[in-house]
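Beneath this line is the structure, given in structure tokens, with notes to follow.
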Amino acid sequence: MKLSHLRDVLIVAESGSLRSAARQLRATQPALTRSIRELEHELGVALFERHAKGVRLTDMGRVFIRRAQAVQSEIKRAQEEIEQLKGGTTGEVSVALSTATIMSLMPRAVAEFRRRFPEAVLKIHESFFQPIERELVSGRIDFYVGPLDRASSAPQFVVEQLFTNHRVVVARRGHPLRDAQTLAELVDAHWLRPTLSSHIVEGDFEEMFARAGLPRPAIVLQARSALITILALRDSDLLTVVPRQWLDVSMIADLIEPLTLPAIAAAPIAIVRRQDLPLTPIAEHLCDLMRRVGTHYGNTHVAEAMTSLSA
């Protein structure tokens with residue numbers, strides 16, 4: 001098996017077409033077909049099956065592609081690590097950050113990183129842990145920073161907690177219910193549910209009402225982005241639950257405000273990385289920046305916010 005075989009199968013899988021893959025590789029389609037067939041012959045299984053619009057992976061192909069991606073990532077990582085150990089300042093770092101982490105930790109950490117490695121390429125994915133877990137395993141993402149319930153992480157990951165976390169009920173500024181202090185006062189409100197950030201340590205925010213002996217909240221809108229959430233709140237009387245870090249961004253805090261309810265426990269903010277996969281020097285530098293910025297944030301913001309919201 002050659003590295004060119006792995007390269008070819010990955011490009012075909014990504015493009016879904018032998019013709020498109022051959023064009024990207026600047027190779028002929030017969031040569032690419034021959035490469036795929038050589039690999040399939042060696043493995044003794046078919047990796048692709050044809051359909052009207054191109055090719056798609058077989059079940060065996062999907063298994064193989066995960067390993068091939070990991071191999072490709074490791075080769076690229078090894079090349080970059082050697083260059084960086086020789087004193088180079090180029091390379092690529094790929095990280096996944098939750099929305100709250102992007103708002104609270106990313107700006108300072110990225111600014112410091114860019115000053116130290118101005119020629120490096122930084123790829124930031126906005127995501128929670130579960131959707132990118134496989135990419136962490138394969139090495140396509142170097143590390144994750146965001147909320148994580150330790151019970152949901154596999155032993156193959158190192159989990160380093162940065163600070164405790166909580167969420168707050170928010171509404172547009174001047175909302176009629178802005179002075180509400182109990183959930184009972186919100187039973188008639190309409191809610192926006194931010195689909196990608198609905199997880200709370202003790203369950204969905206709907207369960208807060210059940211535990212308080214109240215009817216389920218009326219969810220009339222779901223949003224899959226921070227922008228949609230903020231704009232929907234700004235122009236309506238909807239309520240929602242968001243990480244407290246959102247309110248650290250002045251342009252957001254100018255539009256929405258927390259109600260005077262007690263804070264809601266949420267999964268702590270943590271750094272997650274593979275246990276058996278060392279980071280390249282520049283990825284390690286960014287990880288350390290996130291660690292330092294996160295620790296500082298936890299020391300200066302979390303305790304103060306919890307005290308003020310519980311008062």
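For the structure tokens, the naming scheme is as follows: chains receive sequential letters (A, B, ...) according to their order of presentation, residues are indexed from 1 within each chain, and ligands are indexed from 1 in presentation order.
Taking only C-alpha atoms, the non-local environment of Ala184 in chain A within 9 Å (same-chain residues fewer than 4 positions away omitted) comprises Ala180, Asp188, Phe209, Ala212 and Leu214 of chain A.
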Hey, can you spit out that residue selection with all heavy atoms as a PDB file, in the first residue's frame?
ATOM      1  N   ALA A 180     -38.510  39.339  36.551  1.00  0.00           N
ATOM      2  CA  ALA A 180     -38.985  38.061  37.091  1.00  0.00           C
ATOM      3  C   ALA A 180     -37.877  37.378  37.884  1.00  0.00           C
ATOM      4  O   ALA A 180     -36.707  37.385  37.484  1.00  0.00           O
ATOM      5  CB  ALA A 180     -39.449  37.157  35.954  1.00  0.00           C
ATOM      6  N   ASP A 188     -46.118  31.638  31.202  1.00  0.00           N
ATOM      7  CA  ASP A 188     -46.898  32.062  30.032  1.00  0.00           C
ATOM      8  C   ASP A 188     -46.025  32.633  28.907  1.00  0.00           C
ATOM      9  O   ASP A 188     -46.546  33.053  27.868  1.00  0.00           O
ATOM     10  CB  ASP A 188     -47.934  33.117  30.449  1.00  0.00           C
ATOM     11  CG  ASP A 188     -48.991  32.548  31.392  1.00  0.00           C
ATOM     12  OD1 ASP A 188     -49.345  31.374  31.225  1.00  0.00           O
ATOM     13  OD2 ASP A 188     -49.444  33.281  32.296  1.00  0.00           O
ATOM     14  N   PHE A 209     -38.514  23.317  34.420  1.00  0.00           N
ATOM     15  CA  PHE A 209     -39.919  23.559  34.725  1.00  0.00           C
ATOM     16  C   PHE A 209     -40.548  22.330  35.362  1.00  0.00           C
ATOM     17  O   PHE A 209     -41.331  22.435  36.302  1.00  0.00           O
ATOM     18  CB  PHE A 209     -40.665  23.951  33.449  1.00  0.00           C
ATOM     19  CG  PHE A 209     -40.320  25.331  32.948  1.00  0.00           C
ATOM     20  CD1 PHE A 209     -39.182  25.547  32.192  1.00  0.00           C
ATOM     21  CD2 PHE A 209     -41.132  26.406  33.254  1.00  0.00           C
ATOM     22  CE1 PHE A 209     -38.863  26.818  31.733  1.00  0.00           C
ATOM     23  CE2 PHE A 209     -40.827  27.683  32.802  1.00  0.00           C
ATOM     24  CZ  PHE A 209     -39.681  27.887  32.043  1.00  0.00           C
ATOM     25  N   ALA A 212     -39.659  21.996  38.887  1.00  0.00           N
ATOM     26  CA  ALA A 212     -40.339  23.003  39.709  1.00  0.00           C
ATOM     27  C   ALA A 212     -41.846  22.772  39.768  1.00  0.00           C
ATOM     28  O   ALA A 212     -42.578  23.575  40.348  1.00  0.00           O
ATOM     29  CB  ALA A 212     -40.047  24.394  39.161  1.00  0.00           C
ATOM     30  N   LEU A 214     -43.882  22.778  37.205  1.00  0.00           N
ATOM     31  CA  LEU A 214     -44.537  23.701  36.282  1.00  0.00           C
ATOM     32  C   LEU A 214     -44.735  23.030  34.922  1.00  0.00           C
ATOM     33  O   LEU A 214     -44.022  22.080  34.577  1.00  0.00           O
ATOM     34  CB  LEU A 214     -43.674  24.960  36.104  1.00  0.00           C
ATOM     35  CG  LEU A 214     -43.418  25.775  37.376  1.00  0.00           C
ATOM     36  CD1 LEU A 214     -42.371  26.862  37.101  1.00  0.00           C
ATOM     37  CD2 LEU A 214     -44.704  26.395  37.888  1.00  0.00           C
TER      38      LEU A 214
END
Can you pull out the residues contacting Cys287 in chain A? Cut-off 12 Å, using only C-alpha atoms, and skip same-chain residues under 5 positions away; I want them as a list in words.
Val93, Ser94, Val95, Ala96, Leu97, Leu105, Met106, Ala109, Val110, Glu112, Phe113, Asp142, Phe143, Tyr144, Val145, Glu160, Leu162, Ala270, Ile271, Val272, Arg273, Pro278, Leu279, Thr280, Pro281, Ile282, Arg292, Val293 and Gly294 of chain A
Those same residues - N, CA, C and O atoms - I'd like them written as an mmCIF file, in the first residue's frame.
data_model
loop_
_atom_site.group_PDB
_atom_site.id
_atom_site.type_symbol
_atom_site.label_atom_id
_atom_site.label_comp_id
_atom_site.auth_asym_id
_atom_site.auth_seq_id
_atom_site.Cartn_x
_atom_site.Cartn_y
_atom_site.Cartn_z
ATOM 1 N N VAL A 93 -2.926 24.812 12.392
ATOM 2 C CA VAL A 93 -3.556 24.367 13.631
ATOM 3 C C VAL A 93 -5.064 24.393 13.413
ATOM 4 O O VAL A 93 -5.611 25.374 12.913
ATOM 5 N N SER A 94 -5.716 23.309 13.767
ATOM 6 C CA SER A 94 -7.158 23.200 13.604
ATOM 7 C C SER A 94 -7.789 22.926 14.966
ATOM 8 O O SER A 94 -7.465 21.934 15.622
ATOM 9 N N VAL A 95 -8.671 23.826 15.402
ATOM 10 C CA VAL A 95 -9.289 23.680 16.719
ATOM 11 C C VAL A 95 -10.801 23.809 16.598
ATOM 12 O O VAL A 95 -11.317 24.428 15.665
ATOM 13 N N ALA A 96 -11.508 23.228 17.548
ATOM 14 C CA ALA A 96 -12.962 23.368 17.628
ATOM 15 C C ALA A 96 -13.298 24.104 18.917
ATOM 16 O O ALA A 96 -12.797 23.738 19.992
ATOM 17 N N LEU A 97 -14.114 25.138 18.816
ATOM 18 C CA LEU A 97 -14.488 25.950 19.967
ATOM 19 C C LEU A 97 -15.997 26.083 20.022
ATOM 20 O O LEU A 97 -16.658 26.240 18.992
ATOM 21 N N LEU A 105 -12.977 33.494 25.146
ATOM 22 C CA LEU A 105 -11.553 33.158 25.197
ATOM 23 C C LEU A 105 -10.816 33.391 23.879
ATOM 24 O O LEU A 105 -9.631 33.736 23.876
ATOM 25 N N MET A 106 -11.501 33.169 22.769
ATOM 26 C CA MET A 106 -10.821 33.189 21.475
ATOM 27 C C MET A 106 -10.130 34.503 21.136
ATOM 28 O O MET A 106 -8.965 34.486 20.700
ATOM 29 N N ALA A 109 -6.701 34.910 22.961
ATOM 30 C CA ALA A 109 -5.777 33.818 22.648
ATOM 31 C C ALA A 109 -5.303 33.890 21.198
ATOM 32 O O ALA A 109 -4.113 33.715 20.907
ATOM 33 N N VAL A 110 -6.220 34.159 20.279
ATOM 34 C CA VAL A 110 -5.852 34.227 18.860
ATOM 35 C C VAL A 110 -4.950 35.427 18.590
ATOM 36 O O VAL A 110 -4.002 35.340 17.801
ATOM 37 N N GLU A 112 -2.788 36.770 20.622
ATOM 38 C CA GLU A 112 -1.445 36.418 21.095
ATOM 39 C C GLU A 112 -0.785 35.411 20.156
ATOM 40 O O GLU A 112 0.408 35.506 19.865
ATOM 41 N N PHE A 113 -1.569 34.445 19.682
ATOM 42 C CA PHE A 113 -1.038 33.430 18.775
ATOM 43 C C PHE A 113 -0.559 34.060 17.471
ATOM 44 O O PHE A 113 0.507 33.729 16.959
ATOM 45 N N ASP A 142 -7.019 19.413 16.225
ATOM 46 C CA ASP A 142 -5.980 19.232 17.235
ATOM 47 C C ASP A 142 -6.539 19.163 18.651
ATOM 48 O O ASP A 142 -6.145 18.296 19.431
ATOM 49 N N PHE A 143 -7.444 20.070 18.987
ATOM 50 C CA PHE A 143 -8.053 20.015 20.319
ATOM 51 C C PHE A 143 -9.364 20.795 20.310
ATOM 52 O O PHE A 143 -9.662 21.540 19.378
ATOM 53 N N TYR A 144 -10.130 20.577 21.367
ATOM 54 C CA TYR A 144 -11.442 21.214 21.521
ATOM 55 C C TYR A 144 -11.450 21.997 22.824
ATOM 56 O O TYR A 144 -10.872 21.558 23.824
ATOM 57 N N VAL A 145 -12.112 23.158 22.807
ATOM 58 C CA VAL A 145 -12.312 23.934 24.025
ATOM 59 C C VAL A 145 -13.786 24.320 24.095
ATOM 60 O O VAL A 145 -14.303 24.989 23.193
ATOM 61 N N GLU A 160 -9.128 18.546 30.503
ATOM 62 C CA GLU A 160 -8.572 19.493 31.462
ATOM 63 C C GLU A 160 -9.590 20.608 31.711
ATOM 64 O O GLU A 160 -9.829 21.433 30.834
ATOM 65 N N LEU A 162 -11.140 24.012 32.722
ATOM 66 C CA LEU A 162 -10.645 25.378 32.852
ATOM 67 C C LEU A 162 -11.419 26.162 33.900
ATOM 68 O O LEU A 162 -10.837 26.855 34.726
ATOM 69 N N ALA A 270 -13.804 23.060 29.240
ATOM 70 C CA ALA A 270 -12.615 22.208 29.330
ATOM 71 C C ALA A 270 -11.869 22.184 28.005
ATOM 72 O O ALA A 270 -12.420 22.494 26.947
ATOM 73 N N ILE A 271 -10.594 21.817 28.101
ATOM 74 C CA ILE A 271 -9.793 21.507 26.919
ATOM 75 C C ILE A 271 -9.796 19.996 26.754
ATOM 76 O O ILE A 271 -9.572 19.256 27.715
ATOM 77 N N VAL A 272 -10.056 19.520 25.532
ATOM 78 C CA VAL A 272 -10.073 18.081 25.258
ATOM 79 C C VAL A 272 -9.114 17.800 24.112
ATOM 80 O O VAL A 272 -9.173 18.449 23.067
ATOM 81 N N ARG A 273 -8.252 16.834 24.318
ATOM 82 C CA ARG A 273 -7.288 16.443 23.290
ATOM 83 C C ARG A 273 -7.038 14.947 23.390
ATOM 84 O O ARG A 273 -7.323 14.319 24.415
ATOM 85 N N PRO A 278 0.556 13.642 20.522
ATOM 86 C CA PRO A 278 1.157 14.925 20.911
ATOM 87 C C PRO A 278 0.851 16.004 19.889
ATOM 88 O O PRO A 278 0.780 15.736 18.686
ATOM 89 N N LEU A 279 0.664 17.215 20.364
ATOM 90 C CA LEU A 279 0.426 18.348 19.475
ATOM 91 C C LEU A 279 1.732 18.829 18.873
ATOM 92 O O LEU A 279 2.805 18.644 19.461
ATOM 93 N N THR A 280 1.648 19.458 17.710
ATOM 94 C CA THR A 280 2.832 20.103 17.157
ATOM 95 C C THR A 280 3.195 21.290 18.050
ATOM 96 O O THR A 280 2.362 21.764 18.843
ATOM 97 N N PRO A 281 4.403 21.805 17.964
ATOM 98 C CA PRO A 281 4.793 22.926 18.826
ATOM 99 C C PRO A 281 3.865 24.135 18.732
ATOM 100 O O PRO A 281 3.530 24.740 19.760
ATOM 101 N N ILE A 282 3.419 24.491 17.526
ATOM 102 C CA ILE A 282 2.565 25.677 17.450
ATOM 103 C C ILE A 282 1.153 25.376 17.953
ATOM 104 O O ILE A 282 0.494 26.242 18.525
ATOM 105 N N ARG A 292 -4.225 29.466 29.587
ATOM 106 C CA ARG A 292 -3.950 30.645 30.421
ATOM 107 C C ARG A 292 -5.098 31.641 30.380
ATOM 108 O O ARG A 292 -5.496 32.179 31.421
ATOM 109 N N VAL A 293 -5.640 31.885 29.181
ATOM 110 C CA VAL A 293 -6.766 32.814 29.072
ATOM 111 C C VAL A 293 -7.986 32.257 29.811
ATOM 112 O O VAL A 293 -8.699 32.995 30.503
ATOM 113 N N GLY A 294 -8.223 30.946 29.683
ATOM 114 C CA GLY A 294 -9.356 30.330 30.362
ATOM 115 C C GLY A 294 -9.230 30.368 31.866
ATOM 116 O O GLY A 294 -10.209 30.641 32.574
#
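Closest to Val137 in chain A among A:Gln156, A:Thr28, A:Gln84, A:Thr101 is A:Gln156, based on only C-alpha atoms.
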Selection near range 248-260 of chain A, 8 Å with only C-alpha atoms, sequence-local residues under 3 positions removed, as a PyMOL selection string
chain A and resi 103-104+168-173+177-181+230+233-234+244-245+309
Backbone DSSP call of strand (DSSP E) for range 149-289 of chain A, listed as a ChimeraX atom specification
/A:157-172,190-194,218-223,240-243,256-258,264-274
Can those selected residues be exported to a file as a tab-separated table (two decimals), in the first residue's frame so that it contains N, CA and C atoms?
chain	number	residue	atom	x	y	z
A	157	PHE	N	-9.27	10.38	25.55
A	157	PHE	CA	-9.10	11.83	25.59
A	157	PHE	C	-8.57	12.29	26.94
A	158	VAL	N	-7.74	13.31	26.90
A	158	VAL	CA	-7.34	14.03	28.11
A	158	VAL	C	-8.27	15.22	28.26
A	159	VAL	N	-8.92	15.32	29.41
A	159	VAL	CA	-9.87	16.40	29.67
A	159	VAL	C	-9.31	17.28	30.79
A	160	GLU	N	-9.13	18.55	30.50
A	160	GLU	CA	-8.57	19.49	31.46
A	160	GLU	C	-9.59	20.61	31.71
A	161	GLN	N	-10.19	20.62	32.88
A	161	GLN	CA	-11.20	21.63	33.17
A	161	GLN	C	-10.56	22.99	33.37
A	162	LEU	N	-11.14	24.01	32.72
A	162	LEU	CA	-10.64	25.38	32.85
A	162	LEU	C	-11.42	26.16	33.90
A	163	PHE	N	-12.74	26.09	33.85
A	163	PHE	CA	-13.55	26.77	34.86
A	163	PHE	C	-14.97	26.22	34.86
A	164	THR	N	-15.66	26.41	35.98
A	164	THR	CA	-17.06	26.01	36.07
A	164	THR	C	-17.89	26.93	35.18
A	165	ASN	N	-19.08	26.48	34.87
A	165	ASN	CA	-19.86	27.17	33.86
A	165	ASN	C	-21.31	27.26	34.29
A	166	HIS	N	-22.02	28.21	33.75
A	166	HIS	CA	-23.45	28.33	34.03
A	166	HIS	C	-24.13	29.07	32.89
A	167	ARG	N	-25.44	28.99	32.88
A	167	ARG	CA	-26.26	29.65	31.87
A	167	ARG	C	-27.27	30.56	32.55
A	168	VAL	N	-27.83	31.45	31.76
A	168	VAL	CA	-28.80	32.40	32.30
A	168	VAL	C	-29.98	32.52	31.34
A	169	VAL	N	-31.13	32.84	31.92
A	169	VAL	CA	-32.30	33.16	31.11
A	169	VAL	C	-32.17	34.60	30.65
A	170	VAL	N	-32.33	34.84	29.35
A	170	VAL	CA	-32.14	36.19	28.81
A	170	VAL	C	-33.34	36.60	27.97
A	171	ALA	N	-33.45	37.92	27.77
A	171	ALA	CA	-34.50	38.51	26.95
A	171	ALA	C	-33.98	39.81	26.38
A	172	ARG	N	-34.76	40.40	25.49
A	172	ARG	CA	-34.37	41.70	24.96
A	172	ARG	C	-34.38	42.73	26.09
A	190	HIS	N	-43.21	32.79	25.81
A	190	HIS	CA	-42.80	31.98	24.67
A	190	HIS	C	-41.28	31.94	24.62
A	191	TRP	N	-40.75	30.78	24.21
A	191	TRP	CA	-39.31	30.55	24.31
A	191	TRP	C	-38.68	30.25	22.96
A	192	LEU	N	-37.45	30.67	22.84
A	192	LEU	CA	-36.58	30.28	21.74
A	192	LEU	C	-35.61	29.25	22.28
A	193	ARG	N	-35.51	28.15	21.57
A	193	ARG	CA	-34.56	27.12	22.00
A	193	ARG	C	-33.37	27.09	21.07
A	194	PRO	N	-32.16	27.47	21.57
A	194	PRO	CA	-30.95	27.38	20.73
A	194	PRO	C	-30.53	25.93	20.62
A	218	ALA	N	-43.41	26.90	26.49
A	218	ALA	CA	-43.90	26.95	25.11
A	218	ALA	C	-42.75	27.35	24.19
A	219	ILE	N	-42.16	26.36	23.50
A	219	ILE	CA	-41.05	26.62	22.58
A	219	ILE	C	-41.63	26.87	21.19
A	220	VAL	N	-41.47	28.09	20.70
A	220	VAL	CA	-42.07	28.45	19.41
A	220	VAL	C	-41.03	28.69	18.33
A	221	LEU	N	-39.75	28.68	18.71
A	221	LEU	CA	-38.70	28.92	17.73
A	221	LEU	C	-37.44	28.18	18.14
A	222	GLN	N	-36.78	27.56	17.18
A	222	GLN	CA	-35.48	26.93	17.42
A	222	GLN	C	-34.46	27.61	16.53
A	223	ALA	N	-33.26	27.80	17.05
A	223	ALA	CA	-32.21	28.48	16.29
A	223	ALA	C	-30.93	27.66	16.34
A	240	THR	N	-34.91	32.94	26.20
A	240	THR	CA	-34.09	31.75	25.94
A	240	THR	C	-33.06	31.60	27.04
A	241	VAL	N	-32.28	30.52	26.94
A	241	VAL	CA	-31.20	30.23	27.89
A	241	VAL	C	-29.90	30.19	27.12
A	242	VAL	N	-28.91	30.97	27.57
A	242	VAL	CA	-27.62	31.03	26.88
A	242	VAL	C	-26.49	30.98	27.90
A	243	PRO	N	-25.28	30.61	27.48
A	243	PRO	CA	-24.13	30.69	28.37
A	243	PRO	C	-23.89	32.13	28.83
A	256	ILE	N	-29.45	42.26	24.62
A	256	ILE	CA	-30.17	41.35	25.51
A	256	ILE	C	-29.60	41.48	26.92
A	257	GLU	N	-30.39	41.03	27.90
A	257	GLU	CA	-29.95	41.10	29.30
A	257	GLU	C	-30.48	39.90	30.06
A	258	PRO	N	-29.80	39.50	31.14
A	258	PRO	CA	-30.27	38.35	31.92
A	258	PRO	C	-31.42	38.74	32.83
A	264	ILE	N	-28.04	28.87	36.15
A	264	ILE	CA	-28.36	27.47	35.85
A	264	ILE	C	-27.05	26.72	35.63
A	265	ALA	N	-26.86	25.63	36.34
A	265	ALA	CA	-25.63	24.86	36.20
A	265	ALA	C	-25.49	24.31	34.80
A	266	ALA	N	-24.28	24.33	34.27
A	266	ALA	CA	-23.99	23.78	32.94
A	266	ALA	C	-22.66	23.04	32.98
A	267	ALA	N	-22.38	22.29	31.95
A	267	ALA	CA	-21.13	21.54	31.88
A	267	ALA	C	-19.95	22.50	31.94
A	268	PRO	N	-18.89	22.17	32.68
A	268	PRO	CA	-17.73	23.06	32.78
A	268	PRO	C	-17.01	23.21	31.44
A	269	ILE	N	-16.30	24.32	31.30
A	269	ILE	CA	-15.50	24.56	30.10
A	269	ILE	C	-14.17	23.82	30.26
A	270	ALA	N	-13.80	23.06	29.24
A	270	ALA	CA	-12.62	22.21	29.33
A	270	ALA	C	-11.87	22.18	28.00
A	271	ILE	N	-10.59	21.82	28.10
A	271	ILE	CA	-9.79	21.51	26.92
A	271	ILE	C	-9.80	20.00	26.75
A	272	VAL	N	-10.06	19.52	25.53
A	272	VAL	CA	-10.07	18.08	25.26
A	272	VAL	C	-9.11	17.80	24.11
A	273	ARG	N	-8.25	16.83	24.32
A	273	ARG	CA	-7.29	16.44	23.29
A	273	ARG	C	-7.04	14.95	23.39
A	274	ARG	N	-6.50	14.37	22.32
A	274	ARG	CA	-6.20	12.94	22.34
A	274	ARG	C	-5.05	12.65	23.28
For Gly88 in chain A, list every protein, DNA or RNA residue within 10 Å, evaluated using only C-alpha atoms, and leave out those in the same chain fewer than 3 positions away; present the list as a ChimeraX atom specification.
/A:80-85,91,117,119-120,282
Selection to disk with N, CA and C atoms, as a compact mmCIF listing (two decimals), in the first residue's frame:
# COMPACT_ATOMS: atom_id res chain seq x y z
N GLU A 80 5.05 18.98 9.68
CA GLU A 80 5.01 20.31 10.29
C GLU A 80 5.80 20.34 11.59
N GLU A 81 5.74 19.27 12.36
CA GLU A 81 6.46 19.23 13.62
C GLU A 81 7.97 19.30 13.39
N ILE A 82 8.45 18.59 12.40
CA ILE A 82 9.88 18.63 12.09
C ILE A 82 10.29 20.05 11.70
N GLU A 83 9.50 20.68 10.83
CA GLU A 83 9.81 22.05 10.41
C GLU A 83 9.81 23.02 11.59
N GLN A 84 8.84 22.85 12.48
CA GLN A 84 8.76 23.75 13.64
C GLN A 84 9.90 23.51 14.61
N LEU A 85 10.31 22.26 14.79
CA LEU A 85 11.43 21.96 15.67
C LEU A 85 12.75 22.48 15.08
N GLY A 91 2.85 26.44 9.51
CA GLY A 91 2.13 25.21 9.83
C GLY A 91 0.66 25.51 9.95
N PHE A 117 3.02 33.66 15.81
CA PHE A 117 3.12 32.87 14.59
C PHE A 117 2.29 33.53 13.48
N GLU A 119 2.64 33.67 10.35
CA GLU A 119 2.56 32.97 9.07
C GLU A 119 1.81 31.65 9.17
N ALA A 120 1.44 31.25 10.37
CA ALA A 120 0.72 29.99 10.55
C ALA A 120 -0.74 30.14 10.12
N ILE A 282 3.42 24.49 17.53
CA ILE A 282 2.56 25.68 17.45
C ILE A 282 1.15 25.38 17.95
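Coordinates place CA of Asp237 in chain A at a distance of 17.8 Å from CA of Arg216 in chain A.
The space between CA of His175 in chain A and CA of Ala226 in chain A spans 19.4 Å.
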